[in-house]
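Working notes, beginning with the structure itself.
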Amino acid sequence: MGEKLFIADAMLGKFARWIRLCGFDAFYADSSLTDSEIIGMATESDRIVITRDRKLALRTGESLFIKNDEPDGQLLEFFRKYPPDPSRFFTRCTSCNGILEEMSPPYGDEMVPESVAERRLDIYICSDCHKIYWAGTHRKNIEEKIRILMEMLQNEDH
Ligand SMILES: [Zn+2]
C-alpha cells in the first residue's frame with residue numbers, strides 16, 4: 001500500500017499546512033490554478049483532491065469534499081477518512097511540502113539561532129526550500145491539538 005497523495009484547493013491553505021504537519025503529502029493548489037488544471041494534476045500524479053467545492057469534487061476521481069468553514073472541523077472531516085499516523089508527524093515542511101531531514105552540528109550560524117543550538121533541540125531542514133525547524137514549545141502545542149482532535153474522533157465511534 002503506497003502513501004496517499006493529496007492536492008488541496010485554494011480555499012484550504014491553512015488546512016494544507018496542518019495535514020503537512022501530520023506528515024501527509026499535500027500539494028497546495030493556489031488560486032492561480034483552474035479547476036481543470038487541478039483535475040489534470042490529480043489524475044497525472046494520482047493525488048486525491050481535497051476541496052470545498054462540491055462541483056470540483058464530483059469532477060475528479062478520488063476526492064473529499066470538505067463542508068466545514070473552520071480548520072478544526074476541516075481536519076476532523078479529513079481524519080475521519082484518512083487517519084493520521086503519529087510516527088509521521090513533523091516529517092514535512094509546512095511551507096512547501098518538502099521532506100524534512102534531521103541536521104547534526106555544527107550548524108551554520110546564519111541557519112540556526114544560537115539559542116536553539118544551545119538548547120540542543122532536534123533540528124530539521126527542508127530538503128526543498130531549506131527552511132529550518134526545531135522541536136520547541138510550538139511543536140508541543142501542535143501535538144496537543146492533534147491529540148484532542150483524535151480523541152474527539154474516537155468518541156464519535158461509541
Ligand atoms: Zn520547504
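Letters for chains follow the order of the C-alpha cells (A, B, ...), residue numbers begin at 1 for each chain, and ligand numbers begin at 1 in the order shown.
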
I'd like a table as CSV: residues in chain A with an atom no more than 10 Å from ligand 1, each row giving the shortest atom pair and its distance in Å to one decimal, only C-alpha atoms and all ligand atoms counted, sorted by chain and rising residue number.
```
residue,atom,partner,partner_atom_place_in_ligand_line,distance
A:Arg92,CA,ligand 1,1 (Zn),7.6
A:Cys93,CA,ligand 1,1 (Zn),4.6
A:Thr94,CA,ligand 1,1 (Zn),6.8
A:Ser95,CA,ligand 1,1 (Zn),5.3
A:Cys96,CA,ligand 1,1 (Zn),4.2
A:Asn97,CA,ligand 1,1 (Zn),5.9
A:Gly98,CA,ligand 1,1 (Zn),4.8
A:Ile99,CA,ligand 1,1 (Zn),7.3
A:Leu100,CA,ligand 1,1 (Zn),7.8
A:Ile125,CA,ligand 1,1 (Zn),7.9
A:Cys126,CA,ligand 1,1 (Zn),4.6
A:Ser127,CA,ligand 1,1 (Zn),6.6
A:Asp128,CA,ligand 1,1 (Zn),5.1
A:Cys129,CA,ligand 1,1 (Zn),4.0
A:His130,CA,ligand 1,1 (Zn),5.9
A:Lys131,CA,ligand 1,1 (Zn),5.5
A:Ile132,CA,ligand 1,1 (Zn),8.5
A:Tyr133,CA,ligand 1,1 (Zn),9.9
```

Using only C-alpha atoms, find each residue of range 78-139 of chain A with at least one atom at most 12 Å away from an atom of range 46-54 of chain A; report its shortest atom-to-atom pair and that distance in Å (one decimal), sort the rows by chain and rising residue number, and return the result as JSON lines.
```
{"residue": "A:Phe78", "atom": "CA", "partner": "A:Ile50", "partner_atom": "CA", "distance": 8.5}
{"residue": "A:Lys81", "atom": "CA", "partner": "A:Ile50", "partner_atom": "CA", "distance": 11.4}
{"residue": "A:Tyr82", "atom": "CA", "partner": "A:Ile48", "partner_atom": "CA", "distance": 11.0}
```

Could the residues in this selection be written to a file with N, CA and C atoms, as a PDB file, in the first residue's frame?
```
ATOM      1  N   PHE A  78     -11.309  15.345   7.486  1.00  0.00           N
ATOM      2  CA  PHE A  78     -10.219  14.662   6.776  1.00  0.00           C
ATOM      3  C   PHE A  78      -9.754  13.417   7.548  1.00  0.00           C
ATOM      4  N   LYS A  81     -11.614  10.085   7.345  1.00  0.00           N
ATOM      5  CA  LYS A  81     -11.368   9.243   6.178  1.00  0.00           C
ATOM      6  C   LYS A  81      -9.906   8.799   6.084  1.00  0.00           C
ATOM      7  N   TYR A  82      -8.995   9.694   6.494  1.00  0.00           N
ATOM      8  CA  TYR A  82      -7.565   9.400   6.389  1.00  0.00           C
ATOM      9  C   TYR A  82      -6.904   9.632   7.753  1.00  0.00           C
TER      10      TYR A  82
END
```

**alpha helix (DSSP H) call set, DSSP backbone run, range 65-156 of chain A, as a PyMOL selection string** = chain A and resi 71-81+114-118+137-156

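If you measure from each of A:Pro71, A:Pro106, A:Pro83, A:Pro113 to Leu12 in chain A using only C-alpha atoms, the closest one turns out to be A:Pro71.
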
**Prompt:** So what do you get for CA of Thr91 in chain A versus CA of Lys67 in chain A, distance-wise?
**Reply:** 27.4 Å

**Request:** Rank A:Gly23, A:Gly136, A:Gly2, A:Gly73 by their smallest atom-to-atom distance to Met152 in chain A, using only C-alpha atoms, and report the top residue only.
**Result:** A:Gly73

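Atom to atom, CA of Ala10 in chain A and CA of Tyr28 in chain A stand 7.0 Å apart.
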
**Request:** Any chance you could list, as a PyMOL selection string, the residues in chain A that come up strand (DSSP E or B) when DSSP is run on the backbone?
**Result:** chain A and resi 5-8+25-28+47-51+63-65+92+99-102+123-126+132-134

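Pairwise distance (CA of Thr43 in chain A, CA of Asp25 in chain A) equals 15.5 Å.
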
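If you measure from each of A:Asn68, A:Ser45, A:Ser104, A:Asn155 to Leu5 in chain A using only C-alpha atoms, the closest one turns out to be A:Ser45.
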